[in-house]
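Peer 1: Enclosed is the structure file model36.cif (mmCIF, C-alpha atoms).
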```cif
data_final
loop_
_atom_site.label_atom_id
_atom_site.label_comp_id
_atom_site.auth_asym_id
_atom_site.auth_seq_id
_atom_site.Cartn_x
_atom_site.Cartn_y
_atom_site.Cartn_z
CA MET R 1 -26.05 8.24 -50.01
CA VAL R 2 -28.33 8.94 -47.06
CA GLN R 3 -28.47 6.51 -44.15
CA VAL R 4 -32.08 5.54 -43.40
CA LYS R 5 -33.15 4.06 -40.05
CA VAL R 6 -36.17 1.81 -40.43
CA PRO R 7 -38.53 0.97 -37.51
CA THR R 8 -39.28 -2.66 -36.71
CA PRO R 9 -42.79 -2.76 -38.24
CA LEU R 10 -41.43 -1.64 -41.63
CA ARG R 11 -38.47 -4.02 -41.75
CA LYS R 12 -40.55 -6.61 -43.57
CA TYR R 13 -40.06 -4.37 -46.61
CA THR R 14 -36.28 -4.12 -46.19
CA GLY R 15 -35.57 -7.81 -45.76
CA GLY R 16 -35.27 -7.29 -42.01
CA ALA R 17 -32.68 -4.53 -42.20
CA GLY R 18 -32.93 -1.77 -39.59
CA GLY R 19 -30.60 0.49 -41.56
CA VAL R 20 -30.55 0.94 -45.35
CA GLU R 21 -29.14 3.43 -47.84
CA ALA R 22 -31.04 5.52 -50.37
CA GLN R 23 -30.58 8.72 -52.29
CA GLY R 24 -32.46 11.88 -53.13
CA ALA R 25 -31.94 15.63 -53.01
CA THR R 26 -35.03 16.03 -50.82
CA VAL R 27 -36.99 13.87 -48.41
CA ALA R 28 -39.69 13.42 -51.10
CA ALA R 29 -37.11 12.20 -53.64
CA LEU R 30 -35.58 9.90 -51.05
CA VAL R 31 -38.97 8.36 -50.24
CA ASP R 32 -39.45 7.70 -53.97
CA ASP R 33 -36.02 6.08 -54.13
CA LEU R 34 -36.88 3.93 -51.10
CA GLU R 35 -40.01 2.80 -52.93
CA ARG R 36 -37.93 1.76 -55.96
CA ARG R 37 -35.59 -0.25 -53.75
CA TYR R 38 -38.20 -1.59 -51.33
CA PRO R 39 -41.62 -1.68 -53.02
CA GLY R 40 -44.55 -1.06 -50.66
CA LEU R 41 -42.65 1.18 -48.28
CA LYS R 42 -43.92 4.51 -49.59
CA GLU R 43 -47.56 3.62 -49.07
CA ARG R 44 -46.87 2.99 -45.40
CA ILE R 45 -45.16 6.36 -44.97
CA CYS R 46 -47.36 8.52 -47.21
CA ASP R 47 -51.10 8.65 -47.81
CA ALA R 48 -52.83 8.54 -51.22
CA SER R 49 -52.21 12.26 -51.79
CA GLY R 50 -48.48 11.77 -51.27
CA GLN R 51 -48.35 13.54 -47.91
CA VAL R 52 -46.64 11.98 -44.90
CA ARG R 53 -49.20 10.15 -42.79
CA ARG R 54 -50.29 11.98 -39.65
CA PHE R 55 -48.82 9.41 -37.31
CA VAL R 56 -45.43 9.17 -38.97
CA ASN R 57 -42.50 11.30 -37.89
CA ILE R 58 -39.45 11.75 -40.11
CA PHE R 59 -36.26 13.09 -38.64
CA VAL R 60 -33.25 14.36 -40.60
CA ASN R 61 -30.15 14.33 -38.44
CA GLY R 62 -32.46 14.29 -35.42
CA GLU R 63 -34.62 17.23 -36.57
CA ASP R 64 -38.33 16.68 -37.23
CA ILE R 65 -39.05 17.62 -40.86
CA ARG R 66 -42.26 19.32 -39.73
CA PHE R 67 -39.99 22.01 -38.33
CA LEU R 68 -37.73 22.04 -41.41
CA ALA R 69 -39.22 22.09 -44.90
CA HIS R 70 -41.47 19.02 -44.65
CA LEU R 71 -41.07 16.79 -47.73
CA ASP R 72 -38.98 19.50 -49.41
CA THR R 73 -36.33 19.28 -46.71
CA PRO R 74 -32.98 19.05 -48.57
CA LEU R 75 -30.66 16.09 -48.08
CA LYS R 76 -26.98 15.61 -48.73
CA ALA R 77 -24.66 12.62 -48.69
CA GLY R 78 -24.00 11.37 -45.18
CA ASP R 79 -27.25 12.65 -43.70
CA GLU R 80 -29.19 10.33 -41.42
CA LEU R 81 -32.95 10.00 -41.84
CA SER R 82 -35.14 8.19 -39.29
CA ILE R 83 -38.70 7.02 -39.83
CA VAL R 84 -40.45 6.77 -36.48
CA PRO R 85 -44.09 5.97 -35.74
CA ALA R 86 -45.59 8.69 -33.54
CA ILE R 87 -46.12 6.24 -30.75
CA ALA R 88 -45.46 2.70 -29.72
CA GLY R 89 -48.08 0.05 -29.14
CA GLY R 90 -48.80 -2.10 -26.10
CA ARG R 91 -49.36 -0.03 -23.04
CA MET K 92 -83.93 15.31 -28.55
CA LEU K 93 -83.62 14.99 -24.79
CA SER K 94 -84.81 17.89 -22.68
CA ALA K 95 -82.21 19.96 -20.89
CA ARG K 96 -83.62 18.71 -17.62
CA ALA K 97 -83.14 15.08 -18.61
CA VAL K 98 -79.63 15.75 -19.85
CA LEU K 99 -78.62 17.58 -16.70
CA ALA K 100 -80.32 15.24 -14.23
CA ARG K 101 -77.97 14.08 -11.49
CA PRO K 102 -78.30 10.99 -9.33
CA THR K 103 -79.99 11.92 -6.07
CA SER K 104 -79.63 8.62 -4.24
CA PRO K 105 -76.93 7.77 -1.70
CA ALA K 106 -75.42 5.64 -4.47
CA ALA K 107 -73.52 8.78 -5.39
CA GLY K 108 -70.92 7.44 -2.96
CA PRO K 109 -69.16 8.37 0.27
CA LEU K 110 -67.87 11.88 0.83
CA ALA K 111 -64.27 10.81 1.38
CA VAL K 112 -62.19 7.70 0.83
CA PRO K 113 -59.05 6.61 2.69
CA SER K 114 -56.68 7.01 -0.29
CA ALA K 115 -56.49 7.58 -4.03
CA LEU K 116 -56.48 3.81 -4.50
CA GLN K 117 -60.11 3.54 -3.39
CA LEU K 118 -61.04 5.80 -6.32
CA VAL K 119 -59.98 3.19 -8.88
CA GLY K 120 -62.92 1.79 -10.87
CA ASN K 121 -66.64 2.57 -10.75
CA THR K 122 -66.31 4.71 -13.85
CA PRO K 123 -69.43 6.09 -15.56
CA LEU K 124 -71.14 5.04 -18.77
CA VAL K 125 -72.22 7.79 -21.15
CA GLU K 126 -74.82 7.49 -23.90
CA ILE K 127 -73.47 8.34 -27.36
CA ARG K 128 -76.15 10.45 -29.01
CA ARG K 129 -74.69 11.90 -32.21
CA ALA K 130 -71.56 10.02 -33.27
CA ARG K 131 -73.71 7.06 -34.29
CA ASP K 132 -74.62 7.66 -37.93
CA GLY K 133 -76.12 4.64 -39.67
CA VAL K 134 -77.08 3.02 -36.36
CA ALA K 135 -80.70 1.86 -35.91
CA PRO K 136 -82.78 3.67 -33.25
CA GLY K 137 -83.17 0.41 -31.34
CA VAL K 138 -79.44 0.20 -30.73
CA ARG K 139 -77.82 2.02 -27.81
CA ILE K 140 -74.14 2.83 -27.71
CA LEU K 141 -72.72 3.44 -24.25
CA GLY K 142 -69.14 4.56 -23.65
CA LYS K 143 -67.30 3.57 -20.47
CA LEU K 144 -65.13 6.50 -19.49
CA GLU K 145 -62.00 5.00 -17.96
CA GLY K 146 -60.35 8.41 -17.90
CA PHE K 147 -62.25 8.95 -14.63
CA ASN K 148 -59.81 6.67 -12.81
CA PRO K 149 -57.46 8.64 -10.51
CA GLY K 150 -54.40 7.89 -12.68
CA GLY K 151 -56.44 8.90 -15.72
CA SER K 152 -56.82 5.57 -17.49
CA VAL K 153 -58.18 2.03 -17.47
CA LYS K 154 -54.69 0.89 -16.46
CA ASP K 155 -55.27 1.87 -12.83
CA ARG K 156 -57.32 -1.29 -12.48
CA PRO K 157 -54.66 -3.87 -13.46
CA ALA K 158 -51.85 -1.83 -11.86
CA LEU K 159 -53.61 -1.85 -8.49
CA LYS K 160 -54.58 -5.52 -8.77
CA MET K 161 -51.10 -6.68 -9.81
CA ILE K 162 -49.47 -4.78 -6.94
CA GLU K 163 -52.01 -6.03 -4.40
CA ASP K 164 -51.37 -9.54 -5.69
CA GLY K 165 -47.60 -9.06 -5.42
CA LEU K 166 -47.97 -7.87 -1.82
CA ALA K 167 -50.29 -10.76 -0.94
CA ARG K 168 -47.85 -13.31 -2.35
CA GLY K 169 -44.86 -11.71 -0.65
CA ARG K 170 -43.18 -10.96 -3.98
CA LEU K 171 -43.33 -7.22 -3.32
CA VAL K 172 -41.80 -6.39 0.04
CA PRO K 173 -40.30 -3.19 1.54
CA GLY K 174 -36.93 -2.48 -0.06
CA LYS K 175 -37.99 -3.65 -3.51
CA THR K 176 -38.65 -1.43 -6.50
CA ILE K 177 -41.57 -1.87 -8.87
CA LEU K 178 -40.26 -2.27 -12.45
CA ASP K 179 -42.14 -2.76 -15.71
CA SER K 180 -42.14 -1.94 -19.40
CA THR K 181 -44.94 0.28 -20.65
CA SER K 182 -45.71 2.73 -23.39
CA GLY K 183 -47.45 5.04 -20.97
CA ASN K 184 -50.71 4.48 -19.16
CA THR K 185 -49.60 1.42 -17.20
CA GLY K 186 -46.51 3.37 -16.21
CA ILE K 187 -48.61 6.25 -14.94
CA ALA K 188 -50.86 3.82 -13.08
CA LEU K 189 -47.95 1.95 -11.48
CA ALA K 190 -46.32 5.26 -10.56
CA MET K 191 -49.57 6.44 -8.95
CA VAL K 192 -50.13 3.21 -7.01
CA GLY K 193 -46.45 3.05 -6.01
CA ALA K 194 -46.60 6.64 -4.73
CA ALA K 195 -49.78 5.95 -2.75
CA LEU K 196 -48.21 2.85 -1.14
CA GLY K 197 -44.70 4.24 -0.70
CA TYR K 198 -42.82 1.97 -3.12
CA PRO K 199 -40.28 3.30 -5.65
CA VAL K 200 -41.13 2.70 -9.32
CA GLU K 201 -38.91 2.38 -12.43
CA LEU K 202 -40.45 2.25 -15.90
CA VAL K 203 -38.99 1.25 -19.25
CA MET K 204 -40.75 3.01 -22.11
CA PRO K 205 -40.03 3.70 -25.78
CA GLY K 206 -38.43 7.12 -26.21
CA ASN K 207 -41.31 8.28 -28.42
CA VAL K 208 -44.14 8.07 -25.87
CA SER K 209 -45.91 11.38 -25.45
CA LYS K 210 -44.26 14.19 -23.53
CA GLU K 211 -47.24 14.47 -21.20
CA ARG K 212 -46.81 10.84 -20.18
CA LYS K 213 -43.17 11.31 -19.37
CA GLN K 214 -44.06 14.36 -17.28
CA VAL K 215 -46.88 12.66 -15.38
CA VAL K 216 -44.68 9.68 -14.54
CA ALA K 217 -42.01 12.05 -13.24
CA ALA K 218 -44.61 13.97 -11.22
CA PHE K 219 -45.49 10.77 -9.36
CA GLY K 220 -41.80 10.38 -8.49
CA ALA K 221 -41.10 7.40 -10.76
CA LYS K 222 -37.88 6.93 -12.73
CA ALA K 223 -38.20 6.52 -16.50
CA ILE K 224 -35.74 4.51 -18.62
CA PHE K 225 -36.12 5.04 -22.37
CA SER K 226 -35.73 2.31 -25.00
CA ASP K 227 -35.11 2.75 -28.74
CA PRO K 228 -38.17 4.39 -30.35
CA LEU K 229 -37.52 2.42 -33.55
CA GLU K 230 -38.19 -0.84 -31.70
CA GLY K 231 -41.56 0.16 -30.24
CA SER K 232 -43.01 -1.47 -27.16
CA ASP K 233 -41.28 -4.77 -27.91
CA GLY K 234 -37.96 -2.92 -27.51
CA ALA K 235 -39.10 -1.74 -24.07
CA ILE K 236 -40.14 -5.28 -23.14
CA ARG K 237 -36.69 -6.61 -24.06
CA LEU K 238 -34.79 -3.84 -22.26
CA CYS K 239 -36.91 -4.37 -19.16
CA ARG K 240 -36.13 -8.11 -19.18
CA GLN K 241 -32.44 -7.27 -19.40
CA ILE K 242 -32.57 -4.83 -16.46
CA LEU K 243 -34.41 -7.42 -14.38
CA ALA K 244 -31.94 -10.17 -15.30
CA GLU K 245 -29.03 -8.02 -14.12
CA ASN K 246 -30.62 -7.36 -10.72
CA PRO K 247 -33.37 -9.91 -10.08
CA ASP K 248 -33.54 -9.42 -6.31
CA ARG K 249 -33.91 -5.67 -6.49
CA TYR K 250 -37.16 -5.58 -8.40
CA PHE K 251 -40.78 -6.64 -8.39
CA LYS K 252 -41.97 -6.82 -11.99
CA PRO K 253 -45.76 -6.93 -12.27
CA ASP K 254 -45.32 -8.06 -15.91
CA GLN K 255 -48.64 -6.81 -17.23
CA TYR K 256 -48.30 -8.88 -20.40
CA ASN K 257 -48.18 -12.20 -18.57
CA ASN K 258 -49.74 -11.56 -15.15
CA GLU K 259 -53.21 -13.06 -14.86
CA ALA K 260 -53.97 -10.44 -12.17
CA ASN K 261 -54.18 -8.00 -15.09
CA SER K 262 -57.21 -9.65 -16.67
CA LEU K 263 -58.50 -10.63 -13.22
CA ALA K 264 -58.82 -6.92 -12.36
CA HIS K 265 -61.27 -6.54 -15.21
CA TYR K 266 -63.03 -9.81 -14.42
CA GLU K 267 -63.62 -8.56 -10.87
CA THR K 268 -64.39 -4.88 -11.54
CA THR K 269 -64.93 -3.72 -15.16
CA GLY K 270 -67.16 -6.65 -16.11
CA PRO K 271 -69.43 -6.49 -13.04
CA GLU K 272 -69.71 -2.71 -13.32
CA ILE K 273 -70.88 -2.89 -16.94
CA TRP K 274 -73.33 -5.68 -16.15
CA ARG K 275 -74.77 -3.64 -13.27
CA GLN K 276 -74.76 -0.32 -15.13
CA THR K 277 -76.70 -1.77 -18.06
CA ALA K 278 -78.96 -3.85 -15.79
CA GLY K 279 -77.88 -6.89 -17.81
CA ALA K 280 -78.98 -5.37 -21.12
CA ILE K 281 -75.51 -5.39 -22.74
CA THR K 282 -75.42 -7.38 -25.98
CA HIS K 283 -71.97 -6.39 -27.33
CA PHE K 284 -68.73 -5.35 -25.63
CA VAL K 285 -66.09 -3.56 -27.68
CA ALA K 286 -62.57 -2.80 -26.45
CA THR K 287 -59.10 -2.29 -27.84
CA ILE K 288 -56.12 -4.61 -27.28
CA GLY K 289 -52.92 -3.44 -25.60
CA THR K 290 -52.06 -6.36 -23.35
CA GLY K 291 -55.44 -7.98 -23.88
CA GLY K 292 -56.24 -7.71 -20.15
CA THR K 293 -59.32 -5.51 -20.56
CA ILE K 294 -61.03 -7.58 -23.20
CA MET K 295 -60.09 -10.94 -21.71
CA GLY K 296 -61.23 -10.24 -18.15
CA THR K 297 -64.28 -8.10 -18.92
CA GLY K 298 -65.39 -10.42 -21.71
CA ARG K 299 -65.09 -13.50 -19.53
CA HIS K 300 -67.25 -12.00 -16.79
CA LEU K 301 -69.90 -10.77 -19.21
CA LYS K 302 -70.13 -14.13 -20.98
CA GLU K 303 -70.55 -15.86 -17.61
CA GLN K 304 -73.58 -13.64 -16.98
CA ASN K 305 -75.01 -14.13 -20.47
CA ARG K 306 -73.36 -16.45 -22.96
CA SER K 307 -74.77 -14.53 -25.90
CA VAL K 308 -72.88 -11.31 -25.13
CA GLN K 309 -70.54 -10.72 -28.07
CA VAL K 310 -66.98 -9.68 -27.30
CA ILE K 311 -65.27 -7.69 -30.05
CA ALA K 312 -61.68 -6.48 -30.05
CA ALA K 313 -60.28 -3.54 -32.00
CA GLU K 314 -56.62 -3.51 -33.00
CA PRO K 315 -54.50 -1.43 -35.39
CA ALA K 316 -55.03 -2.57 -38.98
CA ASP K 317 -51.29 -2.59 -39.60
CA ALA K 318 -48.08 -3.17 -37.68
CA PHE K 319 -46.99 0.39 -38.52
CA HIS K 320 -49.59 2.56 -36.80
CA GLY K 321 -50.16 5.58 -34.57
CA ILE K 322 -52.69 4.39 -32.02
CA GLU K 323 -50.80 4.77 -28.76
CA GLY K 324 -51.20 1.88 -26.38
CA LEU K 325 -52.45 -0.66 -28.90
CA LYS K 326 -50.78 -3.72 -30.33
CA HIS K 327 -51.08 -5.27 -33.76
CA MET K 328 -51.04 -8.84 -32.51
CA ALA K 329 -49.88 -10.63 -35.65
CA SER K 330 -46.60 -8.67 -35.65
CA SER K 331 -46.00 -8.35 -31.89
CA ILE K 332 -44.76 -10.35 -28.95
CA VAL K 333 -48.12 -11.89 -28.05
CA PRO K 334 -48.95 -11.35 -24.35
CA GLY K 335 -49.33 -14.52 -22.31
CA ILE K 336 -52.68 -13.36 -20.96
CA TYR K 337 -54.12 -12.84 -24.44
CA HIS K 338 -56.21 -15.73 -25.76
CA GLU K 339 -57.64 -14.85 -29.12
CA GLU K 340 -60.03 -17.79 -29.15
CA ALA K 341 -62.03 -16.07 -26.38
CA LEU K 342 -63.01 -13.29 -28.79
CA ASP K 343 -66.03 -13.37 -31.06
CA ARG K 344 -64.50 -10.90 -33.53
CA LYS K 345 -61.45 -8.77 -34.04
CA LEU K 346 -61.55 -5.63 -36.18
CA GLY K 347 -58.53 -3.87 -37.69
CA ILE K 348 -58.73 -0.07 -37.45
CA ASP K 349 -56.77 2.46 -39.53
CA THR K 350 -54.93 5.10 -37.57
CA GLU K 351 -56.41 7.94 -39.63
CA ASP K 352 -59.96 6.69 -38.96
CA ALA K 353 -59.20 6.50 -35.23
CA TYR K 354 -57.82 10.06 -35.21
CA ASN K 355 -60.79 11.41 -37.16
CA MET K 356 -63.16 9.75 -34.71
CA VAL K 357 -61.37 11.44 -31.80
CA TYR K 358 -62.09 14.81 -33.43
CA ARG K 359 -65.74 13.86 -33.99
CA LEU K 360 -66.29 12.69 -30.42
CA GLY K 361 -64.86 15.95 -29.15
CA ARG K 362 -67.12 18.11 -31.28
CA GLU K 363 -70.27 16.01 -31.35
CA GLU K 364 -70.32 14.49 -27.89
CA GLY K 365 -68.23 16.82 -25.75
CA LEU K 366 -65.85 13.96 -25.03
CA LEU K 367 -62.14 14.64 -25.49
CA LEU K 368 -60.68 11.13 -25.72
CA GLY K 369 -57.40 9.46 -26.65
CA GLN K 370 -56.50 7.69 -29.89
CA SER K 371 -57.39 4.23 -28.63
CA SER K 372 -60.89 5.45 -27.72
CA GLY K 373 -61.24 6.72 -31.28
CA ALA K 374 -60.26 3.27 -32.56
CA ALA K 375 -62.69 1.59 -30.16
CA HIS K 376 -65.52 3.83 -31.30
CA VAL K 377 -64.83 3.15 -34.99
CA ALA K 378 -65.14 -0.55 -34.17
CA ALA K 379 -68.26 0.02 -32.05
CA LEU K 380 -69.96 1.81 -34.94
CA GLU K 381 -69.15 -1.02 -37.31
CA VAL K 382 -70.67 -3.49 -34.86
CA ALA K 383 -73.70 -1.30 -34.07
CA ARG K 384 -74.56 -0.63 -37.72
CA ALA K 385 -75.12 -4.33 -38.32
CA LEU K 386 -77.74 -4.54 -35.54
CA ARG K 387 -81.46 -3.79 -35.42
CA GLU K 388 -81.48 -3.62 -31.66
CA GLY K 389 -79.03 -4.09 -28.86
CA THR K 390 -76.83 -2.39 -26.28
CA VAL K 391 -73.24 -1.89 -27.33
CA VAL K 392 -70.81 -0.95 -24.58
CA VAL K 393 -67.51 0.48 -25.80
CA LEU K 394 -64.62 1.08 -23.45
CA TYR K 395 -62.73 4.36 -23.79
CA PRO K 396 -59.32 3.77 -22.14
CA ASP K 397 -58.44 7.41 -21.38
CA PHE K 398 -59.08 11.09 -22.09
CA GLY K 399 -57.34 13.02 -24.83
CA ASP K 400 -55.63 15.74 -22.86
CA ARG K 401 -52.46 13.69 -22.37
CA TYR K 402 -51.96 13.58 -26.15
CA LEU K 403 -52.07 17.28 -26.92
CA SER K 404 -48.36 17.31 -27.79
CA THR K 405 -48.60 14.30 -30.12
CA ASN K 406 -49.25 13.87 -33.83
CA LEU K 407 -52.92 13.46 -32.97
CA TRP K 408 -53.11 17.24 -32.60
CA VAL K 409 -49.87 18.81 -33.69
CA GLY K 410 -48.11 19.47 -36.90
CA TRP K 411 -49.43 17.85 -40.00
CA GLN K 412 -52.23 20.33 -40.68
CA LYS K 413 -49.63 22.50 -42.41
CA LEU K 414 -49.06 19.78 -44.96
CA GLY K 415 -52.62 20.11 -46.16
CA GLY K 416 -53.87 17.02 -44.38
CA THR K 417 -57.06 16.78 -42.40
CA THR K 418 -57.32 19.73 -40.05
CA PRO K 419 -59.08 18.74 -36.88
#
```
Could I get this file's structure written as structure tokens?

Peer 2:
Amino acid sequence: MVQVKVPTPLRKYTGGAGGVEAQGATVAALVDDLERRYPGLKERICDASGQVRRFVNIFVNGEDIRFLAHLDTPLKAGDELSIVPAIAGGR
Amino acid sequence: MLSARAVLARPTSPAAGPLAVPSALQLVGNTPLVEIRRARDGVAPGVRILGKLEGFNPGGSVKDRPALKMIEDGLARGRLVPGKTILDSTSGNTGIALAMVGAALGYPVELVMPGNVSKERKQVVAAFGAKAIFSDPLEGSDGAIRLCRQILAENPDRYFKPDQYNNEANSLAHYETTGPEIWRQTAGAITHFVATIGTGGTIMGTGRHLKEQNRSVQVIAAEPADAFHGIEGLKHMASSIVPGIYHEEALDRKLGIDTEDAYNMVYRLGREEGLLLGQSSGAAHVAALEVARALREGTVVVLYPDFGDRYLSTNLWVGWQKLGGTTP
């Protein structure tokens, strides 16, 4: 299982949990698994074409997937994935 | 099409201002309005759209106004005295503004900000000599607010906390400066004022002044359409700690703006108007267009909180093009 850290604005989909578990051999597969467990979550992370939204950053073990293999970035058990909005509101 | 002469005309009167001012603080406010000439598709010819360029403030954003006012107020009330440090939570522009004002007045500044604010902001704050304390990026600006409260509670006598979310001097700054400037600059012709919501200070104070001049002026707020968004500086009110100075009943309308639409508008304004603006300005302009398209005539003033050059390292410009998304 991969440990997933969920930002506050998305916790309404996870029953308030800031950390959940999901599985998948890649980030794309993990996002699909998250959607099965927490319906509605994928649409917030990805746009209609399935790509990660411009303002969303995904980190695997602290590394931005833009600098790895994007949605094809491989995952293994014990990895930590963080979903972080690019910025934070309220000046 | 305007002639080149008309476009390039400069003011020739002494109103251009004095040659020198006593300090950077006297440069806060009196920002220009610019006519939007191309990024106004679907808008009737009888409707003007004027953008107020708050990036012309010395700290680079609209936040210079409330920062200066809150610190002046703290000094006047004896809450900020020599030996105290200015402390507040911020996701960027207020921090830069407080750091700038603190530097100009000789007071140390400490700022609590989410770890995911843009790199440029962190660097600018450091350049003004302020100390940054980073809160959990996953908790957004509310996380910074809570951490700041905790730091203050541990050492209440050490700090002066302007508390931009609950300090009426924040909206008062706009009531006393932004509102009167817009009224004067449009010679009272403004019919609609559009601004984004971060603390609510801009729209509350400016809107109140404008409505006192002419009750029919419509005040319209733009906010992120969803709690999970990428418009730096803005709050989605329904899912946030609501600022004490924000009174939604004072608004005529509130429009929810998608992050992607705001980003795309930033690219348009750069290419079509020669204005490189930040994400919140993009959001404000999306809202302004929606308002303007419903009018046959009128003068819409939209406030652009800052320029775009302090976001060049952020998702607004970097990275996702490779995934086949919209390339700016």

Peer 1: So what do you get for atom CA of R:Ile83 versus atom CA of R:Gly62, distance-wise?

Peer 2: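 Going from atom CA of R:Ile83 over to atom CA of R:Gly62, I get 10.5 Å.
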
Peer 1: Hey, what's within 8 Å of stretch 16-33 of chain R if we count all atoms listed in the file and toss same-chain stuff fewer than 5 positions away? As a short mmCIF file (atom, residue, chain, number, x, y, z; two decimals) with C-alpha atoms, keeping the file's coordinate frame, please?

Peer 2:
```cif
data_model
loop_
_atom_site.label_atom_id
_atom_site.label_comp_id
_atom_site.auth_asym_id
_atom_site.auth_seq_id
_atom_site.Cartn_x
_atom_site.Cartn_y
_atom_site.Cartn_z
CA MET R 1 -26.05 8.24 -50.01
CA VAL R 2 -28.33 8.94 -47.06
CA GLN R 3 -28.47 6.51 -44.15
CA VAL R 4 -32.08 5.54 -43.40
CA LYS R 5 -33.15 4.06 -40.05
CA VAL R 6 -36.17 1.81 -40.43
CA PRO R 7 -38.53 0.97 -37.51
CA THR R 8 -39.28 -2.66 -36.71
CA ARG R 11 -38.47 -4.02 -41.75
CA LYS R 42 -43.92 4.51 -49.59
CA HIS R 70 -41.47 19.02 -44.65
CA LEU R 71 -41.07 16.79 -47.73
CA ASP R 72 -38.98 19.50 -49.41
CA THR R 73 -36.33 19.28 -46.71
CA PRO R 74 -32.98 19.05 -48.57
CA LEU R 75 -30.66 16.09 -48.08
CA LYS R 76 -26.98 15.61 -48.73
CA ALA R 77 -24.66 12.62 -48.69
#
```

Peer 1: Run the PyMOL selection byres ((chain R) within 9 of (chain K)) mentally over the shown coordinates, then write out the matched residues as a PyMOL selection string, using the chain letters and numbers from the document.

Peer 2: chain R and resi 5-10+18+44-45+49+51-57+66-67+70-71+82-91

Peer 1: Take the residues from that selection and put them in a file with C-alpha atoms, as a PDB file, in the frame of the given file.

Peer 2:
```pdb
ATOM      1  CA  LYS R   5     -33.150   4.060 -40.050  1.00  0.00           C
ATOM      2  CA  VAL R   6     -36.170   1.810 -40.430  1.00  0.00           C
ATOM      3  CA  PRO R   7     -38.530   0.970 -37.510  1.00  0.00           C
ATOM      4  CA  THR R   8     -39.280  -2.660 -36.710  1.00  0.00           C
ATOM      5  CA  PRO R   9     -42.790  -2.760 -38.240  1.00  0.00           C
ATOM      6  CA  LEU R  10     -41.430  -1.640 -41.630  1.00  0.00           C
ATOM      7  CA  GLY R  18     -32.930  -1.770 -39.590  1.00  0.00           C
ATOM      8  CA  ARG R  44     -46.870   2.990 -45.400  1.00  0.00           C
ATOM      9  CA  ILE R  45     -45.160   6.360 -44.970  1.00  0.00           C
ATOM     10  CA  SER R  49     -52.210  12.260 -51.790  1.00  0.00           C
ATOM     11  CA  GLN R  51     -48.350  13.540 -47.910  1.00  0.00           C
ATOM     12  CA  VAL R  52     -46.640  11.980 -44.900  1.00  0.00           C
ATOM     13  CA  ARG R  53     -49.200  10.150 -42.790  1.00  0.00           C
ATOM     14  CA  ARG R  54     -50.290  11.980 -39.650  1.00  0.00           C
ATOM     15  CA  PHE R  55     -48.820   9.410 -37.310  1.00  0.00           C
ATOM     16  CA  VAL R  56     -45.430   9.170 -38.970  1.00  0.00           C
ATOM     17  CA  ASN R  57     -42.500  11.300 -37.890  1.00  0.00           C
ATOM     18  CA  ARG R  66     -42.260  19.320 -39.730  1.00  0.00           C
ATOM     19  CA  PHE R  67     -39.990  22.010 -38.330  1.00  0.00           C
ATOM     20  CA  HIS R  70     -41.470  19.020 -44.650  1.00  0.00           C
ATOM     21  CA  LEU R  71     -41.070  16.790 -47.730  1.00  0.00           C
ATOM     22  CA  SER R  82     -35.140   8.190 -39.290  1.00  0.00           C
ATOM     23  CA  ILE R  83     -38.700   7.020 -39.830  1.00  0.00           C
ATOM     24  CA  VAL R  84     -40.450   6.770 -36.480  1.00  0.00           C
ATOM     25  CA  PRO R  85     -44.090   5.970 -35.740  1.00  0.00           C
ATOM     26  CA  ALA R  86     -45.590   8.690 -33.540  1.00  0.00           C
ATOM     27  CA  ILE R  87     -46.120   6.240 -30.750  1.00  0.00           C
ATOM     28  CA  ALA R  88     -45.460   2.700 -29.720  1.00  0.00           C
ATOM     29  CA  GLY R  89     -48.080   0.050 -29.140  1.00  0.00           C
ATOM     30  CA  GLY R  90     -48.800  -2.100 -26.100  1.00  0.00           C
ATOM     31  CA  ARG R  91     -49.360  -0.030 -23.040  1.00  0.00           C
TER      32      ARG R  91
END
```

Peer 1: Measure the distance from atom CA of K:Ser371 to atom CA of K:Gly399 in Å and round it to one decimal.

Peer 2: 9.6 Å

Peer 1: Neighbouring residues of K:Ile127 were defined as those with any atom within 9 Å, considering only C-alpha atoms; residues of the same chain fewer than 2 positions away were excluded. Please report them as a PyMOL selection string.

Peer 2: chain K and resi 125+129-131+139-142+360+364

Peer 1: How far is it from atom CA of K:Thr268 to atom CA of K:Leu144, in Å with one decimal?

Peer 2: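 Atom CA of K:Leu144 lies 13.9 Å from atom CA of K:Thr268.
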
Peer 1: Using only C-alpha atoms, can you list as a PyMOL selection string the residues within 12 Å of (-52.5, 8.4, -15.5)?

Peer 2: (chain R and resi 91) or (chain K and resi 119+145-156+158+182-192+211-219+396-402)

Peer 1: If the PyMOL selection byres ((chain K and resi 306) around 12) is run on the structure shown, which residues does it catch, given as number ranges by chain?

Peer 2: K: 279, 281-283, 298-305, 307-310, 341, 343

Peer 1: Take the PyMOL selection byres ((chain K and resi 393) around 6), run it mentally on this structure, and tell me the resulting residues as a list in words.

Peer 2: Gly142, Phe284, Val285, Ala286, Val392 and Leu394 of chain K

Peer 1: How big is the axis-aligned box around the listed atoms of stretch 187-200 of chain K once 3 Å is added on each side, and where is its centre? Give both in Å to one decimal, as lines of an AutoDock Vina configuration file.

Peer 2:
```
center_x = -45.6
center_y = 4.3
center_z = -7.8
size_x = 16.6
size_y = 10.7
size_z = 20.2
```

Peer 1: May I ask which of the residues K:Arg384, K:Lys252, K:Lys345, K:His376 is the closest one to K:Gly137, counting all atoms listed in the file?

Peer 2: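 Looking at the shortest contact to K:Gly137, the residue is K:Arg384.
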
Peer 1: Please write a file for stretch 202-206 of chain K, taken from the block I just shared, that holds C-alpha atoms and is laid out as a compact mmCIF listing (two decimals), in the first residue's frame.

Peer 2:
```
# COMPACT_ATOMS: atom_id res chain seq x y z
CA LEU K 202 5.95 35.92 8.99
CA VAL K 203 4.16 32.58 9.12
CA MET K 204 3.40 31.28 5.64
CA PRO K 205 2.45 27.93 4.11
CA GLY K 206 5.55 26.12 2.84
```
